[in-house]
$ cat model32.cif   # mmCIF, C-alpha atoms
data_my_file
#
loop_
_atom_site.group_PDB
_atom_site.id
_atom_site.type_symbol
_atom_site.label_atom_id
_atom_site.label_comp_id
_atom_site.auth_asym_id
_atom_site.auth_seq_id
_atom_site.Cartn_x
_atom_site.Cartn_y
_atom_site.Cartn_z
ATOM 1 C CA MET A 1 0.000 0.000 0.000
ATOM 2 C CA ALA A 2 1.255 3.495 -0.875
ATOM 3 C CA GLU A 3 2.548 5.608 1.963
ATOM 4 C CA LYS A 4 0.069 8.180 3.253
ATOM 5 C CA LYS A 5 0.528 11.737 2.075
ATOM 6 C CA LEU A 6 0.774 14.211 4.918
ATOM 7 C CA TYR A 7 -1.077 17.500 5.459
ATOM 8 C CA ALA A 8 -1.264 19.673 8.559
ATOM 9 C CA VAL A 9 -2.338 22.890 10.218
ATOM 10 C CA LEU A 10 0.516 25.024 11.548
ATOM 11 C CA GLY A 11 0.241 27.631 14.289
ATOM 12 C CA TYR A 12 1.072 28.450 17.869
ATOM 13 C CA PRO A 13 -0.831 27.678 19.982
ATOM 14 C CA ILE A 14 -2.548 25.012 17.890
ATOM 15 C CA SER A 15 -4.234 22.567 20.278
ATOM 16 C CA HIS A 16 -7.570 24.418 19.974
ATOM 17 C CA SER A 17 -7.775 23.983 16.196
ATOM 18 C CA LEU A 18 -10.746 22.059 14.782
ATOM 19 C CA SER A 19 -9.005 21.594 11.413
ATOM 20 C CA PRO A 20 -7.667 18.069 12.125
ATOM 21 C CA LYS A 21 -11.165 16.821 13.001
ATOM 22 C CA ILE A 22 -12.670 18.433 9.905
ATOM 23 C CA HIS A 23 -10.082 17.156 7.439
ATOM 24 C CA GLN A 24 -9.752 13.693 8.964
ATOM 25 C CA PHE A 25 -13.530 13.341 8.700
ATOM 26 C CA TRP A 26 -13.391 14.125 4.960
ATOM 27 C CA LEU A 27 -10.306 11.986 4.301
ATOM 28 C CA LYS A 28 -12.121 8.995 5.779
ATOM 29 C CA LYS A 29 -15.398 9.798 4.020
ATOM 30 C CA TYR A 30 -13.797 10.086 0.576
ATOM 31 C CA GLN A 31 -11.300 7.257 1.200
ATOM 32 C CA ILE A 32 -8.245 9.381 0.470
ATOM 33 C CA ASN A 33 -4.904 7.914 1.511
ATOM 34 C CA ALA A 34 -3.661 10.884 3.520
ATOM 35 C CA ASN A 35 -3.283 12.063 7.092
ATOM 36 C CA TYR A 36 -3.924 15.525 8.542
ATOM 37 C CA LEU A 37 -1.976 16.605 11.633
ATOM 38 C CA SER A 38 -1.614 19.666 13.837
ATOM 39 C CA LEU A 39 1.919 20.986 14.205
ATOM 40 C CA PRO A 40 2.873 23.636 16.767
ATOM 41 C CA VAL A 41 5.179 26.044 14.945
ATOM 42 C CA ASP A 42 6.510 29.230 16.513
ATOM 43 C CA LYS A 43 6.473 32.239 14.165
ATOM 44 C CA ASN A 44 10.247 32.643 14.547
ATOM 45 C CA TYR A 45 10.871 29.213 12.996
ATOM 46 C CA LEU A 46 8.382 29.181 10.123
ATOM 47 C CA ALA A 47 10.959 30.326 7.551
ATOM 48 C CA ASP A 48 13.141 27.311 8.400
ATOM 49 C CA ILE A 49 10.366 24.740 8.832
ATOM 50 C CA LEU A 50 8.084 25.479 5.859
ATOM 51 C CA PRO A 51 10.578 24.637 3.032
ATOM 52 C CA SER A 52 11.608 21.425 4.812
ATOM 53 C CA LEU A 53 8.084 19.963 5.053
ATOM 54 C CA PRO A 54 7.964 18.422 1.519
ATOM 55 C CA LYS A 55 11.080 16.411 2.371
ATOM 56 C CA MET A 56 9.152 14.969 5.322
ATOM 57 C CA GLY A 57 6.228 13.812 3.141
ATOM 58 C CA PHE A 58 3.956 16.874 3.353
ATOM 59 C CA TYR A 59 2.037 17.928 0.254
ATOM 60 C CA GLY A 60 0.171 20.891 1.733
ATOM 61 C CA VAL A 61 -0.564 22.760 4.937
ATOM 62 C CA ASN A 62 -2.988 25.210 6.475
ATOM 63 C CA LEU A 63 -1.766 28.172 8.492
ATOM 64 C CA THR A 64 -3.451 29.893 11.392
ATOM 65 C CA VAL A 65 -2.596 32.772 13.703
ATOM 66 C CA PRO A 66 0.087 34.116 13.862
ATOM 67 C CA LEU A 67 1.614 32.563 10.729
ATOM 68 C CA LYS A 68 -0.689 33.704 7.920
ATOM 69 C CA GLU A 69 1.020 37.048 7.257
ATOM 70 C CA ILE A 70 4.545 35.702 7.786
ATOM 71 C CA ALA A 71 4.006 32.944 5.184
ATOM 72 C CA LEU A 72 3.245 35.517 2.482
ATOM 73 C CA SER A 73 6.919 36.315 1.860
ATOM 74 C CA LEU A 74 7.896 32.627 1.989
ATOM 75 C CA CYS A 75 5.765 31.606 -1.009
ATOM 76 C CA ASP A 76 7.061 31.435 -4.584
ATOM 77 C CA GLU A 77 3.583 31.979 -6.050
ATOM 78 C CA LEU A 78 0.478 33.637 -4.619
ATOM 79 C CA SER A 79 -3.183 33.713 -5.580
ATOM 80 C CA ASP A 80 -4.914 37.071 -6.100
ATOM 81 C CA ALA A 81 -6.788 36.539 -2.821
ATOM 82 C CA ALA A 82 -3.589 35.892 -0.846
ATOM 83 C CA GLN A 83 -1.876 38.937 -2.370
ATOM 84 C CA LYS A 84 -4.685 41.407 -1.713
ATOM 85 C CA ILE A 85 -5.665 40.019 1.693
ATOM 86 C CA GLY A 86 -2.006 39.970 2.654
ATOM 87 C CA ALA A 87 -2.182 36.547 4.247
ATOM 88 C CA VAL A 88 -1.880 32.864 3.351
ATOM 89 C CA ASN A 89 -4.007 30.177 4.997
ATOM 90 C CA THR A 90 -3.495 27.318 2.521
ATOM 91 C CA ILE A 91 -0.264 26.095 0.949
ATOM 92 C CA ILE A 92 0.384 23.549 -1.787
ATOM 93 C CA PHE A 93 3.893 22.219 -2.280
ATOM 94 C CA LYS A 94 4.518 21.976 -6.035
ATOM 95 C CA GLY A 95 7.878 20.338 -6.499
ATOM 96 C CA LYS A 96 10.372 22.842 -5.117
ATOM 97 C CA LYS A 97 7.867 25.701 -5.232
ATOM 98 C CA ILE A 98 5.510 26.880 -2.490
ATOM 99 C CA TYR A 99 2.102 28.074 -3.702
ATOM 100 C CA GLY A 100 0.101 30.203 -1.283
ATOM 101 C CA ASP A 101 -3.640 30.806 -1.361
ATOM 102 C CA ASN A 102 -6.282 32.211 0.962
ATOM 103 C CA THR A 103 -9.663 30.479 1.240
ATOM 104 C CA ASP A 104 -11.009 32.620 4.100
ATOM 105 C CA ALA A 105 -12.789 35.125 1.838
ATOM 106 C CA LYS A 106 -14.503 32.362 -0.146
ATOM 107 C CA GLY A 107 -15.445 30.585 3.057
ATOM 108 C CA PHE A 108 -16.960 33.762 4.473
ATOM 109 C CA MET A 109 -19.057 34.582 1.413
ATOM 110 C CA ILE A 110 -20.216 31.061 0.493
ATOM 111 C CA ALA A 111 -21.356 30.455 4.079
ATOM 112 C CA LEU A 112 -23.346 33.698 3.954
ATOM 113 C CA LYS A 113 -24.963 32.908 0.607
ATOM 114 C CA TYR A 114 -25.744 29.349 1.651
ATOM 115 C CA LYS A 115 -27.685 30.533 4.689
ATOM 116 C CA TYR A 116 -29.233 33.551 2.968
ATOM 117 C CA PRO A 117 -29.544 32.764 -0.753
ATOM 118 C CA ALA A 118 -31.324 36.071 -1.460
ATOM 119 C CA TYR A 119 -28.510 38.075 0.171
ATOM 120 C CA GLN A 120 -27.599 41.209 -1.754
ATOM 121 C CA SER A 121 -26.178 43.841 0.558
ATOM 122 C CA GLN A 122 -26.107 47.535 -0.238
ATOM 123 C CA LYS A 123 -24.392 48.802 2.904
ATOM 124 C CA ALA A 124 -22.306 46.721 5.295
ATOM 125 C CA VAL A 125 -20.546 47.455 8.578
ATOM 126 C CA LEU A 126 -17.325 45.602 9.315
ATOM 127 C CA ILE A 127 -16.166 45.485 12.942
ATOM 128 C CA GLY A 128 -12.405 45.018 13.270
ATOM 129 C CA ALA A 129 -9.362 45.791 11.136
ATOM 130 C CA GLY A 130 -7.154 42.748 11.669
ATOM 131 C CA GLY A 131 -6.344 39.728 9.508
ATOM 132 C CA ALA A 132 -9.893 38.350 9.440
ATOM 133 C CA ALA A 133 -11.231 41.804 8.502
ATOM 134 C CA ARG A 134 -8.957 41.854 5.452
ATOM 135 C CA ALA A 135 -10.435 38.581 4.169
ATOM 136 C CA VAL A 136 -13.997 39.800 4.779
ATOM 137 C CA LEU A 137 -13.313 43.129 3.101
ATOM 138 C CA TYR A 138 -11.837 41.368 0.054
ATOM 139 C CA ALA A 139 -14.951 39.174 -0.154
ATOM 140 C CA LEU A 140 -17.361 42.102 0.186
ATOM 141 C CA LEU A 141 -15.529 44.204 -2.377
ATOM 142 C CA ASN A 142 -15.617 41.376 -4.900
ATOM 143 C CA GLU A 143 -19.412 41.360 -4.438
ATOM 144 C CA LYS A 144 -19.325 45.015 -5.578
ATOM 145 C CA LEU A 145 -21.097 46.455 -2.543
ATOM 146 C CA PRO A 146 -21.847 50.164 -2.993
ATOM 147 C CA GLU A 147 -20.755 51.095 0.540
ATOM 148 C CA ILE A 148 -18.770 49.547 3.406
ATOM 149 C CA ILE A 149 -18.101 51.086 6.817
ATOM 150 C CA ILE A 150 -15.141 49.855 8.865
ATOM 151 C CA TYR A 151 -15.347 50.293 12.626
ATOM 152 C CA ASN A 152 -12.260 49.802 14.739
ATOM 153 C CA ARG A 153 -11.244 51.115 18.136
ATOM 154 C CA THR A 154 -7.884 52.135 16.692
ATOM 155 C CA LEU A 155 -8.999 54.427 13.892
ATOM 156 C CA ALA A 156 -5.588 54.491 12.192
ATOM 157 C CA ARG A 157 -5.771 50.738 11.456
ATOM 158 C CA ALA A 158 -9.192 51.132 9.852
ATOM 159 C CA GLU A 159 -7.930 54.076 7.794
ATOM 160 C CA GLN A 160 -4.945 52.054 6.606
ATOM 161 C CA LEU A 161 -7.275 49.230 5.546
ATOM 162 C CA ARG A 162 -9.567 51.687 3.744
ATOM 163 C CA ASP A 163 -6.709 53.346 1.860
ATOM 164 C CA GLU A 164 -5.114 50.065 0.808
ATOM 165 C CA PHE A 165 -8.291 48.439 -0.523
ATOM 166 C CA SER A 166 -9.693 51.636 -2.058
ATOM 167 C CA ALA A 167 -6.742 51.548 -4.453
ATOM 168 C CA TYR A 168 -7.912 48.128 -5.710
ATOM 169 C CA TYR A 169 -11.658 48.839 -5.649
ATOM 170 C CA PRO A 170 -12.304 52.550 -6.368
ATOM 171 C CA LYS A 171 -16.004 52.036 -7.195
ATOM 172 C CA THR A 172 -16.972 51.071 -3.628
ATOM 173 C CA ILE A 173 -17.269 53.792 -0.997
ATOM 174 C CA ILE A 174 -15.250 52.691 2.044
ATOM 175 C CA LYS A 175 -15.685 54.785 5.194
ATOM 176 C CA VAL A 176 -14.230 54.463 8.683
ATOM 177 C CA LYS A 177 -15.889 55.174 12.023
ATOM 178 C CA LYS A 178 -14.786 55.085 15.647
ATOM 179 C CA SER A 179 -18.329 54.573 16.933
ATOM 180 C CA LEU A 180 -21.104 52.091 16.169
ATOM 181 C CA GLU A 181 -23.762 54.749 16.752
ATOM 182 C CA ASN A 182 -25.797 56.695 14.186
ATOM 183 C CA ILE A 183 -25.105 54.400 11.236
ATOM 184 C CA GLU A 184 -28.095 54.471 8.908
ATOM 185 C CA ASN A 185 -29.596 52.056 6.376
ATOM 186 C CA ILE A 186 -27.322 49.058 6.932
ATOM 187 C CA ASP A 187 -28.369 45.524 6.006
ATOM 188 C CA LEU A 188 -25.268 43.538 7.020
ATOM 189 C CA ILE A 189 -22.995 43.847 10.062
ATOM 190 C CA ILE A 190 -19.988 41.575 10.547
ATOM 191 C CA ASN A 191 -17.865 41.080 13.635
ATOM 192 C CA SER A 192 -14.396 40.058 12.440
ATOM 193 C CA SER A 193 -12.749 40.824 15.783
ATOM 194 C CA ILE A 194 -12.237 38.435 18.697
ATOM 195 C CA CYS A 195 -14.775 40.369 20.782
ATOM 196 C CA GLY A 196 -17.293 37.918 22.207
ATOM 197 C CA MET A 197 -14.954 34.924 22.000
ATOM 198 C CA ASN A 198 -15.384 32.766 25.091
ATOM 199 C CA GLY A 199 -17.921 35.303 26.353
ATOM 200 C CA GLU A 200 -15.349 38.100 26.745
ATOM 201 C CA ASN A 201 -15.371 41.747 25.576
ATOM 202 C CA ASP A 202 -18.866 41.609 24.121
ATOM 203 C CA ILE A 203 -19.950 44.028 21.414
ATOM 204 C CA ASP A 204 -22.806 46.407 22.148
ATOM 205 C CA PHE A 205 -24.834 47.311 19.090
ATOM 206 C CA ASP A 206 -28.347 48.771 19.196
ATOM 207 C CA PHE A 207 -30.153 46.349 16.877
ATOM 208 C CA ALA A 208 -33.507 47.533 18.230
ATOM 209 C CA ALA A 209 -32.952 50.925 16.579
ATOM 210 C CA TYR A 210 -33.286 49.353 13.105
ATOM 211 C CA GLN A 211 -36.600 48.444 11.531
ATOM 212 C CA GLN A 212 -35.202 47.171 8.246
ATOM 213 C CA SER A 213 -33.905 43.580 8.245
ATOM 214 C CA ILE A 214 -30.232 43.188 9.176
ATOM 215 C CA ILE A 215 -27.971 40.125 8.957
ATOM 216 C CA ALA A 216 -25.619 39.953 11.944
ATOM 217 C CA TYR A 217 -22.626 37.747 11.070
ATOM 218 C CA ASP A 218 -20.161 36.936 13.861
ATOM 219 C CA LEU A 219 -16.977 35.142 12.817
ATOM 220 C CA VAL A 220 -16.635 33.854 16.386
ATOM 221 C CA TYR A 221 -17.835 30.243 16.821
ATOM 222 C CA LYS A 222 -16.835 29.635 20.432
ATOM 223 C CA PRO A 223 -19.477 30.161 21.771
ATOM 224 C CA LEU A 224 -21.846 29.464 18.880
ATOM 225 C CA GLN A 225 -24.066 32.292 20.103
ATOM 226 C CA THR A 226 -22.369 35.462 21.307
ATOM 227 C CA LYS A 227 -24.129 38.386 22.960
ATOM 228 C CA PHE A 228 -23.851 40.184 19.599
ATOM 229 C CA LEU A 229 -25.929 37.448 17.929
ATOM 230 C CA ALA A 230 -28.334 37.082 20.862
ATOM 231 C CA ASP A 231 -29.040 40.823 20.715
ATOM 232 C CA ALA A 232 -29.694 40.591 16.963
ATOM 233 C CA LYS A 233 -32.171 37.742 17.437
ATOM 234 C CA GLN A 234 -33.918 39.527 20.308
ATOM 235 C CA ALA A 235 -34.523 42.482 17.986
ATOM 236 C CA LYS A 236 -35.931 40.102 15.299
ATOM 237 C CA HIS A 237 -32.946 40.332 12.970
ATOM 238 C CA HIS A 238 -31.039 37.490 11.278
ATOM 239 C CA ALA A 239 -27.970 35.989 12.965
ATOM 240 C CA MET A 240 -25.196 33.568 11.987
ATOM 241 C CA ASN A 241 -21.970 32.488 13.668
ATOM 242 C CA GLY A 242 -18.547 31.722 12.201
ATOM 243 C CA LEU A 243 -18.733 27.921 12.170
ATOM 244 C CA ASP A 244 -19.851 27.622 8.560
ATOM 245 C CA MET A 245 -17.133 30.038 7.433
ATOM 246 C CA LEU A 246 -14.612 27.775 9.170
ATOM 247 C CA LEU A 247 -16.059 24.721 7.413
ATOM 248 C CA TYR A 248 -16.235 26.308 3.969
ATOM 249 C CA GLN A 249 -12.716 27.735 4.061
ATOM 250 C CA ALA A 250 -11.568 24.227 5.027
ATOM 251 C CA ALA A 251 -13.601 22.746 2.166
ATOM 252 C CA TYR A 252 -11.918 25.004 -0.387
ATOM 253 C CA ALA A 253 -8.493 24.061 0.974
ATOM 254 C CA PHE A 254 -9.455 20.380 0.714
ATOM 255 C CA HIS A 255 -10.557 20.973 -2.889
ATOM 256 C CA LEU A 256 -7.241 22.658 -3.744
ATOM 257 C CA TRP A 257 -5.331 19.644 -2.460
ATOM 258 C CA PHE A 258 -7.479 16.729 -3.611
ATOM 259 C CA GLY A 259 -9.770 18.041 -6.377
ATOM 260 C CA VAL A 260 -12.815 16.999 -4.314
ATOM 261 C CA MET A 261 -15.332 19.529 -2.971
ATOM 262 C CA PRO A 262 -16.367 17.893 0.317
ATOM 263 C CA GLU A 263 -19.906 17.948 1.624
ATOM 264 C CA ILE A 264 -20.717 20.022 4.690
ATOM 265 C CA ASP A 265 -23.500 18.294 6.587
ATOM 266 C CA ASP A 266 -24.876 17.718 10.079
ATOM 267 C CA GLU A 267 -22.766 14.567 10.510
ATOM 268 C CA LEU A 268 -19.608 16.654 10.058
ATOM 269 C CA ARG A 269 -20.817 19.359 12.445
ATOM 270 C CA LYS A 270 -21.632 16.759 15.093
ATOM 271 C CA SER A 271 -18.294 14.962 14.691
ATOM 272 C CA ILE A 272 -16.122 18.028 15.251
ATOM 273 C CA PHE A 273 -17.798 18.856 18.560
ATOM 274 C CA ASP A 274 -17.946 15.280 19.880
ATOM 275 C CA ALA A 275 -15.322 14.773 22.601
ATOM 276 C CA SER A 276 -13.974 18.281 21.985
#
$ encode --input "model32.cif" --output "structure tokens"
Amino acid sequence: MAEKKLYAVLGYPISHSLSPKIHQFWLKKYQINANYLSLPVDKNYLADILPSLPKMGFYGVNLTVPLKEIALSLCDELSDAAQKIGAVNTIIFKGKKIYGDNTDAKGFMIALKYKYPAYQSQKAVLIGAGGAARAVLYALLNEKLPEIIIYNRTLARAEQLRDEFSAYYPKTIIKVKKSLENIENIDLIINSSICGMNGENDIDFDFAAYQQSIIAYDLVYKPLQTKFLADAKQAKHHAMNGLDMLLYQAAYAFHLWFGVMPEIDDELRKSIFDAS
């Protein structure tokens, strides 16, 4: 029998990652002769470790915080998404070359459209200006939204994000705000920050002030319902967490490696939380 090809998720810390459960589930389901591991890799050693992985039997890896931005300069080729987002979350080893891609933006948007097929936003608010915000902004801009507002506590970071992406997408109005108050006529609000994770630093947004229907999309998935989402539901708005984004970005990585678009179903969702 042929030796198993190796794949992995790299990061530090990495023990919390659900990626091994997700990918091992699909590898078994589609009877692919491969193994998916989690490897703790400190950011200071990525430049040494990444090029050596193919020699150890690895054909591809995922990257998580804090390695996504660092990996950008270590790749020989980059997708458009990876270049513009400024981060790599999926790598394919092609002979001696390292190809970097980013499936976060696709995962974000496909999850949204799957849950809300009629989604067509005109004005979105994006909370946060970090790495996840960059992927979300790239996804929204490729949907040609007329207007996007970026809210971040540190205004300079939001302004930097606005200026950088405005150069690529001049037809979309990108504004920045240092307050979540007095924002009119929005239909989509996304939390791309870590606020609300594990029930800490919750976001306060006055959903009750809006009569038009809003989709509240929180990229946090631990817990599955944050205060941000609970408040949206209480005010009769739509709410979705970040679990499906996680699953869809993983599915696109799986497809890049194996040419198979894996199914995302209730059996998968149940398996990744069993014995977590």
$ resolve_selection --input "model32.cif" --expression "the PyMOL selection byres ((chain A and resi 218-226) around 7)" --output "number ranges by chain"
A: 190-192, 194, 196-199, 216-217, 227-230, 240-243
$ write_last_selection --input "model32.cif" --atoms "C-alpha atoms" --output "CSV table (one decimal), in the frame of the given file"
chain,number,residue,atom,x,y,z
A,190,ILE,CA,-20.0,41.6,10.5
A,191,ASN,CA,-17.9,41.1,13.6
A,192,SER,CA,-14.4,40.1,12.4
A,194,ILE,CA,-12.2,38.4,18.7
A,196,GLY,CA,-17.3,37.9,22.2
A,197,MET,CA,-15.0,34.9,22.0
A,198,ASN,CA,-15.4,32.8,25.1
A,199,GLY,CA,-17.9,35.3,26.4
A,216,ALA,CA,-25.6,40.0,11.9
A,217,TYR,CA,-22.6,37.7,11.1
A,227,LYS,CA,-24.1,38.4,23.0
A,228,PHE,CA,-23.9,40.2,19.6
A,229,LEU,CA,-25.9,37.4,17.9
A,230,ALA,CA,-28.3,37.1,20.9
A,240,MET,CA,-25.2,33.6,12.0
A,241,ASN,CA,-22.0,32.5,13.7
A,242,GLY,CA,-18.5,31.7,12.2
A,243,LEU,CA,-18.7,27.9,12.2
$ resolve_selection --input "model32.cif" --expression "the PyMOL selection byres ((chain A and resi 120) around 10)" --output "PDB file with C-alpha atoms, keeping the file's coordinate frame"
ATOM      1  CA  LYS A 113     -24.963  32.908   0.607  1.00  0.00           C
ATOM      2  CA  TYR A 116     -29.233  33.551   2.968  1.00  0.00           C
ATOM      3  CA  PRO A 117     -29.544  32.764  -0.753  1.00  0.00           C
ATOM      4  CA  ALA A 118     -31.324  36.071  -1.460  1.00  0.00           C
ATOM      5  CA  TYR A 119     -28.510  38.075   0.171  1.00  0.00           C
ATOM      6  CA  SER A 121     -26.178  43.841   0.558  1.00  0.00           C
ATOM      7  CA  GLN A 122     -26.107  47.535  -0.238  1.00  0.00           C
ATOM      8  CA  LYS A 123     -24.392  48.802   2.904  1.00  0.00           C
ATOM      9  CA  GLU A 143     -19.412  41.360  -4.438  1.00  0.00           C
ATOM     10  CA  LYS A 144     -19.325  45.015  -5.578  1.00  0.00           C
ATOM     11  CA  LEU A 145     -21.097  46.455  -2.543  1.00  0.00           C
ATOM     12  CA  ASP A 187     -28.369  45.524   6.006  1.00  0.00           C
ATOM     13  CA  LEU A 188     -25.268  43.538   7.020  1.00  0.00           C
TER      14      LEU A 188
END
$ atom_distance --input "model32.cif" --atom1 "CA of Glu267 in chain A" --atom2 "CA of Met109 in chain A"
22.3 Å
$ atom_distance --input "model32.cif" --atom1 "CA of Val125 in chain A" --atom2 "CA of Ser19 in chain A"
28.5 Å
$ axis_aligned_box --input "model32.cif" --around "range 254-258 of chain A" --padding-each-side "4 Å" --output "lines of an AutoDock Vina configuration file"
center_x = -7.9
center_y = 19.7
center_z = -1.5
size_x = 13.2
size_y = 13.9
size_z = 12.5
$ atom_distance --input "model32.cif" --atom1 "CA of Ile272 in chain A" --atom2 "CA of Phe58 in chain A"
23.4 Å
$ resolve_selection --input "model32.cif" --expression "the PyMOL selection byres ((chain A and resi 159) around 10)" --output "list in words"
Ala129, Ile150, Tyr151, Asn152, Thr154, Leu155, Ala156, Arg157, Ala158, Gln160, Leu161, Arg162, Asp163, Glu164, Ile174, Lys175, Val176 and Lys177 of chain A
$ write_last_selection --input "model32.cif" --atoms "C-alpha atoms" --output "mmCIF file, in the coordinates of the input"
data_model
loop_
_atom_site.group_PDB
_atom_site.id
_atom_site.type_symbol
_atom_site.label_atom_id
_atom_site.label_comp_id
_atom_site.auth_asym_id
_atom_site.auth_seq_id
_atom_site.Cartn_x
_atom_site.Cartn_y
_atom_site.Cartn_z
ATOM 1 C CA ALA A 129 -9.362 45.791 11.136
ATOM 2 C CA ILE A 150 -15.141 49.855 8.865
ATOM 3 C CA TYR A 151 -15.347 50.293 12.626
ATOM 4 C CA ASN A 152 -12.260 49.802 14.739
ATOM 5 C CA THR A 154 -7.884 52.135 16.692
ATOM 6 C CA LEU A 155 -8.999 54.427 13.892
ATOM 7 C CA ALA A 156 -5.588 54.491 12.192
ATOM 8 C CA ARG A 157 -5.771 50.738 11.456
ATOM 9 C CA ALA A 158 -9.192 51.132 9.852
ATOM 10 C CA GLN A 160 -4.945 52.054 6.606
ATOM 11 C CA LEU A 161 -7.275 49.230 5.546
ATOM 12 C CA ARG A 162 -9.567 51.687 3.744
ATOM 13 C CA ASP A 163 -6.709 53.346 1.860
ATOM 14 C CA GLU A 164 -5.114 50.065 0.808
ATOM 15 C CA ILE A 174 -15.250 52.691 2.044
ATOM 16 C CA LYS A 175 -15.685 54.785 5.194
ATOM 17 C CA VAL A 176 -14.230 54.463 8.683
ATOM 18 C CA LYS A 177 -15.889 55.174 12.023
#
$ residues_around --input "model32.cif" --residues "range 44-56 of chain A" --least-positions-apart "4" --cutoff "12 Å" --atoms "all atoms listed in the file" --output "number ranges by chain"
A: 3-12, 39-40, 60-64, 66-76, 91-100
$ decode --input "model32.cif" --residues "range 103-115 of chain A" --atoms "N, CA and C atoms" --output "PDB file, in the first residue's frame"
ATOM      1  N   THR A 103      -8.281  30.934   1.455  1.00  0.00           N
ATOM      2  CA  THR A 103      -9.663  30.479   1.240  1.00  0.00           C
ATOM      3  C   THR A 103     -10.636  31.106   2.228  1.00  0.00           C
ATOM      4  N   ASP A 104     -10.144  32.009   3.086  1.00  0.00           N
ATOM      5  CA  ASP A 104     -11.009  32.620   4.100  1.00  0.00           C
ATOM      6  C   ASP A 104     -12.124  33.462   3.480  1.00  0.00           C
ATOM      7  N   ALA A 105     -11.782  34.247   2.462  1.00  0.00           N
ATOM      8  CA  ALA A 105     -12.789  35.125   1.838  1.00  0.00           C
ATOM      9  C   ALA A 105     -13.897  34.304   1.187  1.00  0.00           C
ATOM     10  N   LYS A 106     -13.506  33.254   0.470  1.00  0.00           N
ATOM     11  CA  LYS A 106     -14.503  32.362  -0.146  1.00  0.00           C
ATOM     12  C   LYS A 106     -15.364  31.705   0.923  1.00  0.00           C
ATOM     13  N   GLY A 107     -14.709  31.230   1.975  1.00  0.00           N
ATOM     14  CA  GLY A 107     -15.445  30.585   3.057  1.00  0.00           C
ATOM     15  C   GLY A 107     -16.460  31.510   3.686  1.00  0.00           C
ATOM     16  N   PHE A 108     -16.058  32.758   3.901  1.00  0.00           N
ATOM     17  CA  PHE A 108     -16.960  33.762   4.473  1.00  0.00           C
ATOM     18  C   PHE A 108     -18.185  33.977   3.590  1.00  0.00           C
ATOM     19  N   MET A 109     -17.953  34.204   2.303  1.00  0.00           N
ATOM     20  CA  MET A 109     -19.057  34.582   1.413  1.00  0.00           C
ATOM     21  C   MET A 109     -19.963  33.399   1.075  1.00  0.00           C
ATOM     22  N   ILE A 110     -19.393  32.235   0.831  1.00  0.00           N
ATOM     23  CA  ILE A 110     -20.216  31.061   0.493  1.00  0.00           C
ATOM     24  C   ILE A 110     -21.094  30.671   1.674  1.00  0.00           C
ATOM     25  N   ALA A 111     -20.557  30.751   2.884  1.00  0.00           N
ATOM     26  CA  ALA A 111     -21.356  30.455   4.079  1.00  0.00           C
ATOM     27  C   ALA A 111     -22.536  31.419   4.178  1.00  0.00           C
ATOM     28  N   LEU A 112     -22.287  32.685   3.902  1.00  0.00           N
ATOM     29  CA  LEU A 112     -23.346  33.698   3.954  1.00  0.00           C
ATOM     30  C   LEU A 112     -24.424  33.428   2.910  1.00  0.00           C
ATOM     31  N   LYS A 113     -23.995  33.132   1.698  1.00  0.00           N
ATOM     32  CA  LYS A 113     -24.963  32.908   0.607  1.00  0.00           C
ATOM     33  C   LYS A 113     -25.712  31.589   0.769  1.00  0.00           C
ATOM     34  N   TYR A 114     -25.065  30.625   1.408  1.00  0.00           N
ATOM     35  CA  TYR A 114     -25.744  29.349   1.651  1.00  0.00           C
ATOM     36  C   TYR A 114     -26.897  29.539   2.629  1.00  0.00           C
ATOM     37  N   LYS A 115     -26.645  30.323   3.683  1.00  0.00           N
ATOM     38  CA  LYS A 115     -27.685  30.533   4.689  1.00  0.00           C
ATOM     39  C   LYS A 115     -28.739  31.528   4.219  1.00  0.00           C
TER      40      LYS A 115
END
